[in-house]
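What follows is my_file02.txt (compact mmCIF, C-alpha atoms).
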```txt
# COMPACT_ATOMS: atom_id res chain seq x y z
CA MET A 1 30.48 -35.99 -21.38
CA LYS A 2 34.19 -35.78 -20.48
CA GLU A 3 34.64 -33.18 -23.20
CA VAL A 4 31.96 -30.99 -21.66
CA LEU A 5 33.47 -31.24 -18.18
CA LYS A 6 36.80 -30.13 -19.57
CA ASP A 7 35.22 -26.88 -20.79
CA LEU A 8 33.82 -25.98 -17.38
CA ASP A 9 36.07 -23.29 -15.97
CA LYS A 10 37.43 -23.75 -12.44
CA ALA A 11 37.64 -19.97 -12.09
CA PHE A 12 33.84 -19.76 -12.20
CA GLU A 13 33.13 -22.54 -9.72
CA ASN A 14 32.79 -19.95 -7.00
CA ARG A 15 29.49 -18.03 -6.87
CA VAL A 16 31.12 -14.68 -6.15
CA ARG A 17 33.54 -14.98 -9.06
CA LEU A 18 30.70 -16.11 -11.31
CA GLY A 19 28.71 -13.08 -10.12
CA ILE A 20 31.56 -10.66 -10.80
CA MET A 21 31.97 -12.01 -14.32
CA SER A 22 28.21 -11.92 -15.02
CA ALA A 23 28.10 -8.25 -14.09
CA LEU A 24 31.26 -7.30 -15.97
CA VAL A 25 30.35 -8.97 -19.27
CA VAL A 26 27.17 -6.89 -19.58
CA ASN A 27 28.60 -3.62 -18.26
CA GLU A 28 31.46 -1.60 -19.69
CA GLY A 29 32.92 -1.26 -16.25
CA MET A 30 31.91 -1.24 -12.61
CA ASP A 31 33.60 0.15 -9.54
CA PHE A 32 34.32 -1.75 -6.35
CA ASN A 33 31.39 -0.38 -4.38
CA ALA A 34 28.83 -1.04 -7.11
CA LEU A 35 30.03 -4.65 -7.33
CA LYS A 36 29.94 -4.97 -3.55
CA GLU A 37 26.37 -3.71 -3.39
CA LEU A 38 25.25 -5.83 -6.32
CA LEU A 39 26.71 -9.08 -5.01
CA ASP A 40 26.12 -8.36 -1.32
CA VAL A 41 29.57 -9.49 -0.13
CA THR A 42 32.18 -8.12 2.26
CA ASP A 43 35.10 -5.97 1.13
CA GLY A 44 37.68 -8.65 1.88
CA ASN A 45 35.72 -11.38 0.16
CA LEU A 46 35.17 -9.33 -2.96
CA ALA A 47 38.77 -8.14 -3.08
CA SER A 48 40.18 -11.65 -2.90
CA HIS A 49 37.92 -12.92 -5.70
CA LEU A 50 38.72 -9.89 -7.85
CA LYS A 51 42.41 -10.61 -7.29
CA SER A 52 42.00 -14.20 -8.37
CA LEU A 53 40.12 -13.25 -11.56
CA GLU A 54 42.81 -10.68 -12.21
CA ASN A 55 45.48 -13.36 -11.88
CA SER A 56 43.65 -15.47 -14.48
CA GLN A 57 43.70 -12.33 -16.66
CA TYR A 58 39.91 -12.49 -16.94
CA ILE A 59 39.43 -8.97 -15.63
CA GLY A 60 41.44 -5.77 -15.63
CA TYR A 61 41.12 -2.53 -13.75
CA LYS A 62 41.72 1.17 -14.11
CA LYS A 63 42.27 3.59 -11.28
CA GLU A 64 40.54 6.92 -11.67
CA PHE A 65 40.11 9.90 -9.44
CA LEU A 66 36.62 11.06 -8.57
CA GLY A 67 37.47 14.46 -7.15
CA ARG A 68 40.17 13.50 -4.69
CA LYS A 69 39.01 9.98 -4.03
CA PRO A 70 40.68 7.17 -5.96
CA ASN A 71 38.22 4.80 -7.56
CA THR A 72 38.94 1.43 -9.15
CA PHE A 73 36.94 0.49 -12.21
CA TYR A 74 36.90 -3.17 -13.15
CA HIS A 75 36.21 -4.51 -16.61
CA ALA A 76 36.16 -7.93 -18.27
CA THR A 77 39.04 -8.70 -20.66
CA THR A 78 38.49 -10.31 -24.07
CA MET A 79 40.02 -13.45 -22.64
CA GLY A 80 37.61 -13.33 -19.70
CA ILE A 81 34.57 -12.84 -21.91
CA GLU A 82 35.60 -15.79 -24.10
CA ALA A 83 36.15 -17.99 -21.05
CA PHE A 84 32.79 -16.96 -19.62
CA LYS A 85 30.99 -17.78 -22.88
CA LYS A 86 32.72 -21.15 -23.06
CA HIS A 87 31.73 -21.89 -19.48
CA ILE A 88 28.06 -21.06 -20.09
CA LYS A 89 28.06 -23.16 -23.23
CA ALA A 90 29.49 -26.08 -21.29
CA ILE A 91 26.80 -25.71 -18.63
CA GLU A 92 24.10 -25.65 -21.29
CA GLN A 93 25.54 -28.77 -22.90
CA LEU A 94 25.76 -30.50 -19.57
CA LEU A 95 22.13 -29.68 -18.82
CA SER A 96 20.96 -30.97 -22.18
CA THR A 97 22.57 -34.41 -21.68
CA HIS A 98 20.45 -37.04 -19.99
CA MET B 1 25.04 -43.45 -7.66
CA GLN B 2 26.56 -41.91 -10.73
CA ASN B 3 23.16 -40.55 -11.73
CA LYS B 4 22.62 -38.93 -8.38
CA VAL B 5 25.94 -37.10 -8.60
CA LEU B 6 25.05 -35.91 -12.07
CA LEU B 7 21.64 -34.77 -10.91
CA ASN B 8 23.13 -32.76 -8.05
CA MET B 9 25.60 -31.20 -10.41
CA LYS B 10 22.80 -30.22 -12.76
CA THR B 11 20.78 -28.62 -9.98
CA ASP B 12 23.86 -26.60 -9.03
CA TYR B 13 24.42 -25.42 -12.55
CA ILE B 14 20.76 -24.51 -13.00
CA LYS B 15 21.16 -22.33 -9.89
CA ASP B 16 24.31 -20.83 -11.41
CA LEU B 17 22.45 -19.90 -14.58
CA GLU B 18 19.64 -18.33 -12.57
CA GLN B 19 22.14 -16.30 -10.60
CA ILE B 20 23.90 -15.13 -13.76
CA LYS B 21 20.62 -13.98 -15.25
CA ASP B 22 19.58 -12.21 -12.07
CA ILE B 23 22.89 -10.36 -11.75
CA MET B 24 22.92 -9.35 -15.40
CA ASN B 25 19.39 -7.97 -15.04
CA ARG B 26 20.01 -6.19 -11.78
CA SER B 27 23.27 -4.65 -12.96
CA THR B 28 21.87 -3.30 -16.22
CA ARG B 29 18.17 -2.68 -15.70
CA PHE B 30 16.08 -0.61 -13.39
CA ILE B 31 13.64 -3.23 -12.18
CA THR B 32 11.74 -1.51 -9.41
CA LEU B 33 9.17 0.17 -11.60
CA SER B 34 5.94 0.33 -9.72
CA GLY B 35 2.71 -0.68 -11.39
CA LEU B 36 0.95 1.86 -9.20
CA SER B 37 2.88 4.64 -10.98
CA GLY B 38 1.17 3.55 -14.18
CA VAL B 39 -2.25 3.44 -12.49
CA SER B 40 -1.89 6.86 -10.88
CA THR B 41 -0.50 8.61 -13.96
CA GLY B 42 -3.26 6.98 -16.02
CA ILE B 43 -5.93 8.41 -13.74
CA ILE B 44 -4.30 11.87 -13.74
CA ALA B 45 -4.11 11.82 -17.55
CA LEU B 46 -7.80 10.92 -17.79
CA ALA B 47 -8.68 13.77 -15.44
CA GLY B 48 -6.51 16.17 -17.49
CA ALA B 49 -8.20 15.09 -20.72
CA ILE B 50 -11.65 15.59 -19.19
CA VAL B 51 -10.77 19.07 -17.94
CA ALA B 52 -9.32 19.99 -21.35
CA TYR B 53 -12.43 18.68 -23.09
CA GLN B 54 -14.84 20.52 -20.77
CA THR B 55 -12.90 23.76 -20.96
CA PHE B 56 -11.99 23.97 -24.64
CA PHE B 57 -12.79 21.17 -26.99
CA LYS B 58 -16.47 20.58 -26.29
CA ASP B 59 -17.73 23.49 -28.35
CA THR B 60 -14.81 24.13 -30.70
CA ASP B 61 -13.27 22.41 -33.68
CA TYR B 62 -9.63 22.98 -32.96
CA LEU B 63 -8.71 19.38 -33.75
CA VAL B 64 -8.04 19.92 -37.47
CA TYR B 65 -5.15 19.68 -39.94
CA GLU B 66 -4.28 23.35 -39.83
CA ALA B 67 -3.20 26.08 -37.48
CA VAL B 68 -6.06 27.75 -35.68
CA GLY B 69 -6.04 31.30 -34.43
CA LEU B 70 -5.73 31.07 -30.67
CA SER B 71 -6.06 33.85 -28.16
CA GLY B 72 -3.19 34.24 -25.75
CA ALA B 73 -5.56 33.40 -22.91
CA PHE B 74 -6.53 30.10 -24.53
CA THR B 75 -2.93 29.09 -25.12
CA GLY B 76 -2.09 29.99 -21.54
CA GLN B 77 -4.95 27.97 -20.08
CA LEU B 78 -4.22 24.92 -22.20
CA LEU B 79 -0.59 25.18 -21.16
CA VAL B 80 -1.59 25.31 -17.50
CA ILE B 81 -3.73 22.18 -17.85
CA ALA B 82 -0.98 20.37 -19.77
CA LEU B 83 1.77 21.32 -17.34
CA GLY B 84 -0.47 20.58 -14.35
CA THR B 85 -1.14 17.08 -15.68
CA LEU B 86 2.55 16.58 -16.38
CA VAL B 87 3.77 17.76 -12.99
CA LEU B 88 1.17 15.73 -11.06
CA SER B 89 2.05 12.63 -13.10
CA VAL B 90 5.76 12.98 -12.47
CA ILE B 91 5.20 13.51 -8.74
CA SER B 92 2.94 10.48 -8.41
CA ALA B 93 5.28 8.29 -10.50
CA LEU B 94 8.25 9.33 -8.34
CA PHE B 95 6.28 8.73 -5.16
CA PHE B 96 5.22 5.17 -6.03
CA THR B 97 8.60 4.27 -7.50
CA ARG B 98 10.37 5.50 -4.38
CA ARG B 99 8.01 3.44 -2.26
CA GLN B 100 8.75 0.39 -4.38
CA THR B 101 12.54 0.77 -4.20
CA LYS B 102 12.27 1.06 -0.43
CA LYS B 103 10.12 -2.04 -0.23
CA GLN B 104 12.54 -4.06 -2.36
CA GLN B 105 15.50 -2.44 -0.57
CA GLN B 106 17.07 -1.40 -3.84
CA PRO B 107 19.03 1.81 -4.26
CA ALA B 108 16.80 4.39 -5.95
CA TRP B 109 19.54 6.46 -7.51
CA ASP B 110 22.27 4.39 -9.14
CA ALA B 111 23.80 3.83 -12.55
CA GLN B 112 20.73 1.90 -13.75
CA THR B 113 18.32 4.66 -12.75
CA LYS B 114 20.45 7.30 -14.46
CA ARG B 115 20.75 5.25 -17.63
CA LEU B 116 16.98 4.67 -17.73
CA LEU B 117 16.15 8.34 -17.15
CA ILE B 118 18.59 9.69 -19.74
CA ASN B 119 17.30 7.34 -22.41
CA LEU B 120 13.70 8.13 -21.54
CA LEU B 121 14.25 11.87 -21.40
CA ILE B 122 16.05 12.45 -24.71
CA PRO B 123 13.05 11.62 -26.94
CA LEU B 124 10.62 12.91 -24.32
CA VAL B 125 12.15 16.38 -23.98
CA ALA B 126 12.49 16.68 -27.76
CA GLY B 127 8.81 15.76 -28.11
CA GLY B 128 7.78 18.11 -25.32
CA LEU B 129 9.56 21.07 -26.90
CA PHE B 130 8.14 20.21 -30.31
CA ALA B 131 4.62 20.02 -28.84
CA LEU B 132 5.13 23.36 -27.13
CA MET B 133 6.15 24.96 -30.43
CA LEU B 134 3.16 23.40 -32.20
CA LEU B 135 0.87 24.89 -29.58
CA LEU B 136 2.48 28.34 -29.86
CA LYS B 137 2.01 28.21 -33.64
CA GLY B 138 -1.62 27.17 -33.26
CA PHE B 139 -1.41 23.56 -34.45
CA VAL B 140 -3.61 22.26 -31.65
CA GLY B 141 -4.75 19.20 -33.62
CA MET B 142 -1.15 17.97 -33.84
CA LEU B 143 -0.69 17.86 -30.07
CA PRO B 144 -2.34 14.47 -29.35
CA PRO B 145 -0.51 12.54 -32.12
CA VAL B 146 2.85 14.20 -31.44
CA THR B 147 2.78 13.66 -27.68
CA LEU B 148 1.67 10.03 -28.11
CA LEU B 149 4.33 9.31 -30.74
CA PHE B 150 7.23 10.81 -28.81
CA TYR B 151 6.09 9.23 -25.54
CA GLY B 152 5.81 5.83 -27.24
CA LEU B 153 9.25 6.13 -28.83
CA ALA B 154 10.73 7.28 -25.50
CA LEU B 155 9.30 4.15 -23.84
CA VAL B 156 10.64 1.85 -26.57
CA ASN B 157 14.05 3.47 -26.16
CA ALA B 158 14.00 3.22 -22.36
CA SER B 159 12.71 -0.37 -22.34
CA LYS B 160 16.26 -1.64 -22.92
CA TYR B 161 17.10 -0.44 -19.43
CA THR B 162 14.07 -1.56 -17.48
CA LEU B 163 11.34 -4.21 -17.45
CA SER B 164 10.78 -5.43 -20.99
CA ASP B 165 7.00 -4.93 -20.68
CA ILE B 166 7.60 -1.23 -21.27
CA ARG B 167 8.53 -1.95 -24.88
CA SER B 168 5.08 -3.20 -25.87
CA LEU B 169 3.46 -0.30 -24.01
CA GLY B 170 5.60 2.05 -26.11
CA ILE B 171 4.58 0.35 -29.34
CA ILE B 172 0.89 0.66 -28.42
CA GLU B 173 1.37 4.41 -27.75
CA VAL B 174 3.09 4.85 -31.13
CA VAL B 175 0.23 3.12 -32.96
CA LEU B 176 -2.30 5.28 -31.09
CA GLY B 177 -0.26 8.36 -32.05
CA LEU B 178 -0.53 7.46 -35.73
CA LEU B 179 -4.27 6.86 -35.37
CA ALA B 180 -4.66 10.18 -33.55
CA PHE B 181 -3.22 11.93 -36.58
CA TRP B 182 -5.28 10.03 -39.14
CA PHE B 183 -8.50 10.49 -37.20
CA ILE B 184 -7.56 13.94 -36.02
CA GLY B 185 -11.06 14.85 -34.82
CA TYR B 186 -10.82 12.02 -32.27
CA GLY B 187 -7.35 13.15 -31.16
CA LEU B 188 -8.24 14.02 -27.59
CA LEU B 189 -10.21 10.81 -27.18
CA ILE B 190 -7.33 8.70 -28.48
CA TRP B 191 -4.93 10.69 -26.28
CA ALA B 192 -7.09 9.88 -23.25
CA LEU B 193 -7.08 6.25 -24.32
CA GLY B 194 -3.27 6.12 -24.64
CA PHE B 195 -2.10 8.19 -21.70
CA GLY B 196 -5.07 7.30 -19.52
CA LEU B 197 -6.68 3.93 -20.05
CA VAL B 198 -3.82 1.95 -21.64
CA GLN B 199 -1.36 3.23 -19.05
CA LEU B 200 -3.78 2.41 -16.23
CA VAL B 201 -4.40 -1.13 -17.48
CA TYR B 202 -0.65 -1.70 -17.97
CA GLY B 203 -0.02 -0.49 -14.45
CA LEU B 204 -2.57 -2.94 -13.05
CA LEU B 205 -1.13 -5.83 -15.06
CA MET B 206 2.43 -5.03 -13.97
CA GLN B 207 1.37 -4.60 -10.39
CA LYS B 208 -0.17 -8.06 -10.49
CA LYS B 209 2.78 -9.61 -12.32
CA TYR B 210 5.55 -8.23 -10.11
CA SER B 211 3.98 -7.69 -6.70
CA LEU B 212 5.77 -9.84 -4.16
```
As structure tokens, how would this structure be written, given the file I've shared?
Amino acid sequence: MKEVLKDLDKAFENRVRLGIMSALVVNEGMDFNALKELLDVTDGNLASHLKSLENSQYIGYKKEFLGRKPNTFYHATTMGIEAFKKHIKAIEQLLSTH
Amino acid sequence: MQNKVLLNMKTDYIKDLEQIKDIMNRSTRFITLSGLSGVSTGIIALAGAIVAYQTFFKDTDYLVYEAVGLSGAFTGQLLVIALGTLVLSVISALFFTRRQTKKQQQPAWDAQTKRLLINLLIPLVAGGLFALMLLLKGFVGMLPPVTLLFYGLALVNASKYTLSDIRSLGIIEVVLGLLAFWFIGYGLLIWALGFGLVQLVYGLLMQKKYSL
């Protein structure tokens, strides 16, 4: 039981961060507005959670220009994908214990 | 006490898993397909098949394993019926899908829609051009199997980006396409079955399954 709890990732305890990761592991990359629309959160809220995932090195970003507008594309890092998988596995194990 | 805490935790994590699944689906799949699109295109296809039968196939044996000599007028008329059916189907599918996206307050034109359309259109356009060439060369009997096969494969290909039900619909159309070649004399009938009846029934089932 303790072992399982240790594998649960604090970074994913927040629903928005969990949502960002869920979207980024199944998509090559998503821009800020697509994430905002998908998760239905405010700019500030999304930005702060993106920053925190960035600090854990779970996601990275690339700035690109669409015409003259700068656009930030976020993607999950290998480290982030591994952490996400581990987290899901821990949840599944937790749910299967009685 | 301990058990209650654990139970609460489990409920939370079950919610987490549901949310993860929902976000993964919404961010990769176009999920606002309308069952009514299937119903309406099914009906239009049936009408198209009936018109084609009444106009051409009732008194002729064009549904054979060889090219038949067609007059330019015949080719033109068949083309008009085929294109008419196609255009009406696309319009009705767009109409009902647009209505559905509005109802579910989902964006109609986003990355998921584009991905679905591109993957649907690649096999579909290839099949459409091939069918057009078959018609111009007089291979009328090949039209039902070829259109069914390419349509079925297009659906199987597109099903990765939308509701998974579309996959089995595609497989049914492929099987009907093979049958339409083997029993070539029944080609138009099998075509009406695939594009008309099967599509209509699928539309009704999906409408029932997903209507909110």
Inset, instruction - With a distance cut-off of 6 Å and all atoms listed in the file, select the neighbouring residues of His87 (chain A), excluding the residue or stretch itself and same-chain residues fewer than 2 positions from it, and output the selection as a PyMOL selection string. - result: chain A and resi 8-9+84-85+89-90
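CA of Leu124 (chain B) to CA of Ala154 (chain B) spans 5.8 Å [interatomic distance, one decimal].
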Inset, instruction - Fewer than 4 positions away in the same chain doesn't count, so skip those; otherwise give me all residues within 12 Å of Thr97 (chain A), counting only C-alpha atoms, as a ChimeraX atom specification. - result: /A:1-2,4-5,90-93 /B:3,6-7,10
Inset, instruction - Would you kindly return, as a ChimeraX atom specification, each protein, DNA or RNA residue with an atom no farther than 9 Å from any atom of Ala23 (chain A), considering only C-alpha atoms and excluding same-chain residues fewer than 6 positions away? - result: /A:29-30,35,38 /B:20,23-28
Prev. selection, C-alpha atoms, output as a CSV table (one decimal), in the coordinates of the input:
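Once written, again.csv looks like this:
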```
chain,number,residue,atom,x,y,z
A,29,GLY,CA,32.9,-1.3,-16.2
A,30,MET,CA,31.9,-1.2,-12.6
A,35,LEU,CA,30.0,-4.6,-7.3
A,38,LEU,CA,25.2,-5.8,-6.3
B,20,ILE,CA,23.9,-15.1,-13.8
B,23,ILE,CA,22.9,-10.4,-11.8
B,24,MET,CA,22.9,-9.4,-15.4
B,25,ASN,CA,19.4,-8.0,-15.0
B,26,ARG,CA,20.0,-6.2,-11.8
B,27,SER,CA,23.3,-4.6,-13.0
B,28,THR,CA,21.9,-3.3,-16.2
```
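Computed from the coordinates, the CA of Gly44 (chain A) to CA of Ile20 (chain A) distance equals 14.2 Å.
Taking CA of Thr85 (chain B) as the reference point, CA of Leu155 (chain B) is found at 18.5 Å.
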Sorted by chain and rising residue number, which residues of chain A lie within 8 Å of chain B, and what are their closest atom pairs and distances in Å to one decimal, counting only C-alpha atoms, as JSON lines?
```
{"residue": "A:Arg15", "atom": "CA", "partner": "B:Asp16", "partner_atom": "CA", "distance": 7.4}
{"residue": "A:Leu18", "atom": "CA", "partner": "B:Ile20", "partner_atom": "CA", "distance": 7.3}
{"residue": "A:Gly19", "atom": "CA", "partner": "B:Ile20", "partner_atom": "CA", "distance": 6.4}
{"residue": "A:Ser22", "atom": "CA", "partner": "B:Ile20", "partner_atom": "CA", "distance": 5.5}
{"residue": "A:Ala23", "atom": "CA", "partner": "B:Met24", "partner_atom": "CA", "distance": 5.5}
{"residue": "A:Val26", "atom": "CA", "partner": "B:Met24", "partner_atom": "CA", "distance": 6.4}
{"residue": "A:Asn27", "atom": "CA", "partner": "B:Thr28", "partner_atom": "CA", "distance": 7.0}
{"residue": "A:Leu38", "atom": "CA", "partner": "B:Ser27", "partner_atom": "CA", "distance": 7.0}
{"residue": "A:Leu39", "atom": "CA", "partner": "B:Ile23", "partner_atom": "CA", "distance": 7.9}
{"residue": "A:Ile88", "atom": "CA", "partner": "B:Leu17", "partner_atom": "CA", "distance": 7.9}
{"residue": "A:Ile91", "atom": "CA", "partner": "B:Tyr13", "partner_atom": "CA", "distance": 6.5}
{"residue": "A:Leu94", "atom": "CA", "partner": "B:Lys10", "partner_atom": "CA", "distance": 7.4}
{"residue": "A:Leu95", "atom": "CA", "partner": "B:Lys10", "partner_atom": "CA", "distance": 6.1}
```
Legend entry - Residue nearest Thr77 (chain A) - candidates A:Asn33, A:Asn14, A:Asn55, A:Thr42, atoms counted: all atoms listed in the file: A:Asn55
Might I get the box with edges along x, y and z of the file that holds all atoms of region 16-26 of chain A listed there, padded by 8 Å on every side, given as centre and edge lengths in Å to one decimal, as AutoDock Vina command-line options?
```
--center_x 30.4 --center_y -11.5 --center_z -12.9 --size_x 22.4 --size_y 25.2 --size_z 29.4
```
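With all atoms listed in the file as the atoms that count, the minimum distance from Phe195 (chain B) to the choices B:Ile31, B:Leu70, B:Val125, B:Ala49 is reached by B:Ala49.
When all atoms listed in the file are used to compute distances to Gln54 (chain B), the closest of the residues B:Leu78, B:Met133, B:Leu153, B:Leu36 turns out to be B:Leu78.
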